[in-house]
2 protein chains.
Amino acid sequence: MGSLDTTPAAYSAFGDEAGSFQPLNPEDVRSYLHKAVDFISDYYKSVESLPVLPDVKPGYLQCELQAAPPASSAPFDVAMKELRAAIVPGMTHWASPNFFAFFPSTNSAAAIAGDLIASAMNTVGFTWQANPAATEMEVLALDWLAQLLRLPASFMNRTAAGRGTGGGVILGTTSEAMLVTLVAARDAALRRSGSEGVSGLPRLAVYAADQTHSTFFKACRLAGFDPANIRSIPTGPETDYALDPSKLLEIMQADVDAGLVPTYICATVGTTSSNAVDPVGAIADVAAVFNAWVHVDAAYAGSACICPEFRHHLAGVERVDSISMSPHKWLMTCLDCTCLWVRDTHRLTDSLETNPEYLKNDASESGIVTDLKDMQVGVGRRFRGLKLWMVMRTYGAAKLQEHIRSDVAMAKMFEDNVRSDDRFEVVVPRNFALVCFRIKPSRGMTEEDADEANRELMERLNRTGKAYLAHTVVGGKFVLRLAVGSSLQEERHVRSAWELIKKTTAEIKGEVDTE
Amino acid sequence: MGSLDTTPAAYSAFGDEAGSFQPLNPEDVRSYLHKAVDFISDYYKSVESLPVLPDVKPGYLQCELQAAPPASSAPFDVAMKELRAAIVPGMTHWASPNFFAFFPSTNSAAAIAGDLIASAMNTVGFTWQANPAATEMEVLALDWLAQLLRLPASFMNRTAAGRGTGGGVILGTTSEAMLVTLVAARDAALRRSGSEGVSGLPRLAVYAADQTHSTFFKACRLAGFDPANIRSIPTGPETDYALDPSKLLEIMQADVDAGLVPTYICATVGTTSSNAVDPVGAIADVAAVFNAWVHVDAAYAGSACICPEFRHHLAGVERVDSISMSPHKWLMTCLDCTCLWVRDTHRLTDSLETNPEYLKNDASESGIVTDLKDMQVGVGRRFRGLKLWMVMRTYGAAKLQEHIRSDVAMAKMFEDNVRSDDRFEVVVPRNFALVCFRIKPSRGMTEEDADEANRELMERLNRTGKAYLAHTVVGGKFVLRLAVGSSLQEERHVRSAWELIKKTTAEIKGEVDTE
């Protein structure tokens, strides 16, 4: 390939077949989907025994599969065979019960079934009229989840009953939730400051702890904030790496004194690195001084807040402007599903509304319906509300809480194991189901040696294929992260991981001692 | 609800159940998915007879379903029963063969099966290491599709074989493709102009025809371009509503003369309103004068360009910077699936790359792998490459071409019907499978009367539930859009729609005549 021969003759390689083609032929739909269900069933049974992290080299797949698209059709079995032979062996198995890296992507039978139906209906609810049921199902699912999370009524969707004053939307990622709220806050700040166009943009400033996910800092750049005014506020062990509100106040005040306009603060409940929890209420109080937007990113730990014993991590949320959390992380709803609630939907739609002729309709013009396209980046959207609703409808609050508690109990068990072995240390307090630990520097070991030993431990563990852990750096130290929660995980998998960690550590220490 | 009582007692409504909960219990997975497959099978059989556009009032769903999330679990059948009873009756059925609105969201058995497997694997390939197979499958699917589209080698992904110099990524929507390329172009222009931070932003200007999708103008605002410098260039019947390159040149030159920096041009191949085709090559030539980025939005019509007889609409694409098209629109791949190719991936990753400690790994640091998170807004991502690959692997180029041609032939048949009836007119030439037509103003009718008659026609058609058409305004005239392509559509559905249109028009005209 690579030539630009676009004459009809150049297409001859792609052949031609006779006959009428029905892409949704009923027999094909049934047969392909049953094959897929069988595959999934087998996959879940066998995934425990597959290496979590594959042993493949970059570019491996192009050696397995043909480089050019096929000219003619093939039985669906061919694709399924290549899936098993070429794709599965190169997968990092997020569904494996031996997956402890990053945050898990949890899942459930109800979510997969809901997502399947959404794929088949293939509806695009950009306006209410384009799909009333999909729009209202999303609104309902968000209101249900808001109730489970005990969010204030101000975050509930507007409904005919007039229950709430705010609203929500299901997006693909937390990054999109950050981006749309950043843009809303940016535009409001520009309006307030009386800037013409974007001339005031270089004066706007945004704030977050240095432990905030990198995607926040990227979202700020996407929205056009000046890199020089994107503040990454240092944290330390004295706050367990959470944002210190007094430091925030000081920095915001200094910015105001320098002529800047504090515009937006991102508070994280459960940072990716170490599950630090920024104090939401105290941050909201600081923000109020400057009229800045506060967004709470509870992507992972938000799910835990459906349990009363974790809800205090959201204390003060009634004073923030927006909050997002991702059921695809810890609420058994497969990707993608990020819920965003805002206290005043007009603040979003003022920046995000579009009204092209071909989408105009009476319902939208009545102003009493929600057009979800006006709360997101794009226009098109999957019917994501269905799977989230099916999860809550089928499992109910009790099972969802049980699931969170079971994961936390397993993480606590692992934490206790680590604490009981004096070769190791837990580096930050465990808040949820993530344990940050490391091999402690023993006598004669420098901090660099300890970092090296821990890196070696992680690499050896991951090479076994029997566990996959990720790392972070906290307070300058290389730290291993063990995140419990993969949906097939049971206590025995966490126990095995601990045995493997002990054995591998002994090997590393033995080698060091005999060197 | 609405109170902020977050004490444990407040949760008592959500009960507690005993027993160990396995969200991916093998029997549940099989049983729920089989129920979903049965539902889909029934749905496809019955959807033809359901009203395409439902007769429901805003807020209807909250009267059907409970307002609070359930405390305890329920059999999956309960959710399925409520789906059938409450959700289906409120759906706009995009899968109906009587759906002719917007652009269709096409689908196929292979795509749904691939998407189902992706939901079950629930993997998150943000970096190559986080899922080598998912990353390489996406790269391969994009390279295959690039070959079907006869894109130049410069848009192919970098591979170990070093075939191409560019690359691609699968995103959720065209809007995201526009946003990430706008940001890349913005940052490059700021660097070139030597601006500090974003101080040069108010000088950057972007361009598109007034027929460009509204989401482009929204993406420009998201990226921080000054609303005053977002040029919507008027088009008219003399170019069939396509962008006139000489007008573009004139406007860009005037902007340069006024001290602005032309940064980005969006050319559309197949506008949403009327399927106008902006001349890609001529626009690229104008852009070259000013060193501006050219993006081609071929969201809908790009799929047709896998057929040699339509490929000329992309002529000149080898001189643009990026192109996106959405297989979820017309290549039988269910939502969401938007393919973006760029000529130089570094121009994207320079703006979008992040490198947090917890994602660092040897493969990324080697620089020879693609980390797809660096070509999109967010970090998380579904395994979208699988369904797209399965579609191409199973149907092959021949069936995909046949599918496009069959849709176009049906649209041509409808167009011929309209042309043969002197009560109607085709308003713009039909380029693909969209026919823009209207009731012609007859003797004594003003243009306003004609608009009113056409609006009445659309509303009556849509109220029958037997067809759903959308409208647009072209050249100041209210025009009906009939888009062929819903995946269950056959010739008889298009014929029925035409019969219904004739009958309804006769009624309207009869009423007018007898008034």
# chains A, B, ... in the order shown; residues from 1 in each chain; ligands from 1
call {"tool": "residues_around", "arguments": {"residues": "range 490-495 of chain A", "least_positions_apart": "2", "cutoff": "9 Å", "atoms": "only C-alpha atoms", "output": "PyMOL selection string"}}
result
chain A and resi 97-98+100+407+410-411+413-414+484-488+497-500
call {"tool": "residues_around", "arguments": {"residues": "Phe216 in chain A", "least_positions_apart": "2", "cutoff": "9 Å", "atoms": "only C-alpha atoms", "output": "list in words"}}
result
Thr174, Ser175, Met178, Leu179, Ala208, Thr212, His213, Ser214, Lys218, Ala219, Cys220, Arg221 and Cys266 of chain A
call {"tool": "closest_atom_pairs", "arguments": {"of": "range 168-241 of chain B", "to": "range 119-138 of chain B", "cutoff": "10 Å", "atoms": "only C-alpha atoms", "output": "tab-separated table"}}
result
residue	atom	partner	partner_atom	distance
B:Gly168	CA	B:Glu138	CA	8.5
B:Val169	CA	B:Glu138	CA	7.1
B:Ile170	CA	B:Glu138	CA	7.1
call {"tool": "write_last_selection", "arguments": {"atoms": "N, CA, C and O atoms", "output": "PDB file, in the first residue's frame"}}
result
ATOM      1  N   GLY B 168      -3.042   6.793  13.988  1.00  0.00           N
ATOM      2  CA  GLY B 168      -4.447   7.031  14.251  1.00  0.00           C
ATOM      3  C   GLY B 168      -4.858   6.566  15.619  1.00  0.00           C
ATOM      4  O   GLY B 168      -4.078   5.987  16.369  1.00  0.00           O
ATOM      5  N   VAL B 169      -6.100   6.850  15.921  1.00  0.00           N
ATOM      6  CA  VAL B 169      -6.676   6.510  17.208  1.00  0.00           C
ATOM      7  C   VAL B 169      -8.186   6.411  17.020  1.00  0.00           C
ATOM      8  O   VAL B 169      -8.736   7.086  16.147  1.00  0.00           O
ATOM      9  N   ILE B 170      -8.818   5.551  17.800  1.00  0.00           N
ATOM     10  CA  ILE B 170     -10.280   5.484  17.761  1.00  0.00           C
ATOM     11  C   ILE B 170     -10.835   6.272  18.944  1.00  0.00           C
ATOM     12  O   ILE B 170     -10.476   6.013  20.093  1.00  0.00           O
TER      13      ILE B 170
END
call {"tool": "select_by_dssp", "arguments": {"residues": "range 168-333 of chain A", "states": "strand (DSSP E or B)", "output": "ChimeraX atom specification"}}
result
/A:168-171,204-209,230-233,261-269,277,293-297,322-325
call {"tool": "closest_residue", "arguments": {"among": "B:Cys63, B:Ala188, B:Ala276, B:Ile283", "to": "chain A", "atoms": "only C-alpha atoms"}}
result
B:Cys63
call {"tool": "select_by_dssp", "arguments": {"residues": "range 288-471 of chain B", "states": "alpha helix (DSSP H)", "output": "PyMOL selection string"}}
result
chain B and resi 288-290+327-330+345-352+362-366+385-419+447-464
call {"tool": "residues_around", "arguments": {"residues": "Asp285 in chain B", "least_positions_apart": "4", "cutoff": "10 Å", "atoms": "only C-alpha atoms", "output": "list in words"}}
result
Pro245, Leu249, Val280, Gly281, Val289, Phe290, Asn291, Val294, Gly316, Arg319 and Val320 of chain B
call {"tool": "residues_around", "arguments": {"residues": "Leu53 in chain B", "least_positions_apart": "6", "cutoff": "10 Å", "atoms": "only C-alpha atoms", "output": "list in words"}}
result
Gln129, Ala130, Asn131 and Pro132 of chain A; Pro89, Gly90, Met91, Thr92, His93, Trp94, Ser96, Asn98, Phe99, Asn462, Arg463, Thr464, Gly465, Lys466, Ala467, Tyr468 and Leu469 of chain B
call {"tool": "residues_around", "arguments": {"residues": "range 366-375 of chain B", "least_positions_apart": "3", "cutoff": "7 Å", "atoms": "only C-alpha atoms", "output": "ChimeraX atom specification"}}
result
/A:58 /B:126-128,169,348-349,352-354,362-363,378-379
call {"tool": "atom_distance", "arguments": {"atom1": "CA of Ala292 in chain B", "atom2": "CA of Leu314 in chain B"}}
result
18.7 Å
call {"tool": "residues_around", "arguments": {"residues": "Arg311 in chain B", "least_positions_apart": "2", "cutoff": "9 Å", "atoms": "only C-alpha atoms", "output": "list of chain:residue names"}}
result
A:Thr6, A:Thr7, B:Leu149, B:Arg150, B:Gly302, B:Ala304, B:Cys305, B:Ile306, B:Cys307, B:Pro308, B:Glu309, B:His313, B:Leu314, B:Ala315
call {"tool": "residues_around", "arguments": {"residues": "Thr235 in chain B", "least_positions_apart": "6", "cutoff": "7 Å", "atoms": "only C-alpha atoms", "output": "ChimeraX atom specification"}}
result
/B:209-210,241-243
